[in-house]
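Have a look at the structure below before the remarks.
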Amino acid sequence: MARQWQVLADQLLDTKLTKTSERVAHFLTGRLLPGGRVAMLEPLAAIAARLGMTPESLSRVTHGLEAAGLVRLQGRRVEEPDAKAVTQAARASGHKSKRLGFPEMEDCPWPACLI
């Protein structure tokens with residue numbers, strides 16, 4: 001039960017404190033299969049909802065990654081030849097840390113520490 005609470009708290013923080021491009025990059029790299037492919041089996045609307053954005057925003061981000069040459073879109077499949085480059089590009093403009101940059105809070109197990 002505590003683990004489920006922590007996962008929920010982490011998802012909420014990710015939604016509030018990370019950019020859409022970072023959430024998409026994390027999602028894609030988390031589903032990376034051998035050969036650099038990502039199968040998006042769920043409907044795009046469900047993926048967008050899970051990432052806390054509209055389907056239009058998800059489409060904009062994935063097409064932006066494609067325009068930058070970081071991914072190739074092929075219908076419901078995405079090819080991601082260099083996962084590190086995708087993650088670095090998503091973070092290029094900077095973002096807030098999950099723990100708001102307070103090192104003393106890194107080991108705090110309580111959700112209140114994350115706010």
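The chains in the structure tokens are called A, B, ... from first to last as shown; in each chain the residues are counted from 1, and the ligands are counted from 1 in the order shown.
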Contacts of range 15-63 of chain A with range 71-95 of chain A up to 12 Å, shortest pair per row, only C-alpha atoms, as a Markdown table:
| residue | atom | partner | partner_atom | distance |
| --- | --- | --- | --- | --- |
| A:Lys16 | CA | A:His95 | CA | 11.0 |
| A:Leu17 | CA | A:His95 | CA | 7.5 |
| A:Thr18 | CA | A:His95 | CA | 6.2 |
| A:Lys19 | CA | A:His95 | CA | 6.9 |
| A:Thr20 | CA | A:Ala90 | CA | 8.6 |
| A:Ser21 | CA | A:Ala90 | CA | 5.2 |
| A:Glu22 | CA | A:Ala90 | CA | 4.9 |
| A:Arg23 | CA | A:Ala90 | CA | 8.5 |
| A:Val24 | CA | A:Ala90 | CA | 8.5 |
| A:Ala25 | CA | A:Thr87 | CA | 5.6 |
| A:His26 | CA | A:Thr87 | CA | 7.0 |
| A:Phe27 | CA | A:Thr87 | CA | 10.2 |
| A:Leu28 | CA | A:Glu80 | CA | 8.0 |
| A:Thr29 | CA | A:Ala83 | CA | 5.9 |
| A:Gly30 | CA | A:Ala83 | CA | 9.5 |
| A:Arg31 | CA | A:Val78 | CA | 10.2 |
| A:Leu32 | CA | A:Glu80 | CA | 7.7 |
| A:Leu33 | CA | A:Glu80 | CA | 9.4 |
| A:Pro34 | CA | A:Pro81 | CA | 10.1 |
| A:Gly35 | CA | A:Pro81 | CA | 7.7 |
| A:Gly36 | CA | A:Glu80 | CA | 4.9 |
| A:Arg37 | CA | A:Glu79 | CA | 4.4 |
| A:Val38 | CA | A:Val78 | CA | 5.1 |
| A:Ala39 | CA | A:Arg77 | CA | 4.9 |
| A:Met40 | CA | A:Arg76 | CA | 5.7 |
| A:Leu41 | CA | A:Arg76 | CA | 7.5 |
| A:Glu42 | CA | A:Arg76 | CA | 9.2 |
| A:Pro43 | CA | A:Arg76 | CA | 9.0 |
| A:Leu44 | CA | A:Arg76 | CA | 8.6 |
| A:Ile47 | CA | A:Arg76 | CA | 11.7 |
| A:Ser59 | CA | A:Leu73 | CA | 10.6 |
| A:Val61 | CA | A:Ala90 | CA | 9.6 |
| A:Thr62 | CA | A:Val71 | CA | 7.9 |
| A:His63 | CA | A:Leu73 | CA | 7.9 |
#### Entry: Filtered DSSP result for range 8-43 of chain A, state strand (DSSP E), as JSON, numbers by chain
{"A": [32, 33, 37, 38, 39]}
### Query
Hey, what does DSSP flag as alpha helix (DSSP H) within range 1-105 of chain A? Can you give it to me as a ChimeraX atom specification?
/A:2-17,20-30,44-50,55-67,83-91
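The space separating CA of Ala2 in chain A from CA of Asp14 in chain A comes to 18.3 Å.
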#### Entry: Length of the CA of Ala45 in chain A to CA of Leu58 in chain A vector [Å]
8.8 Å
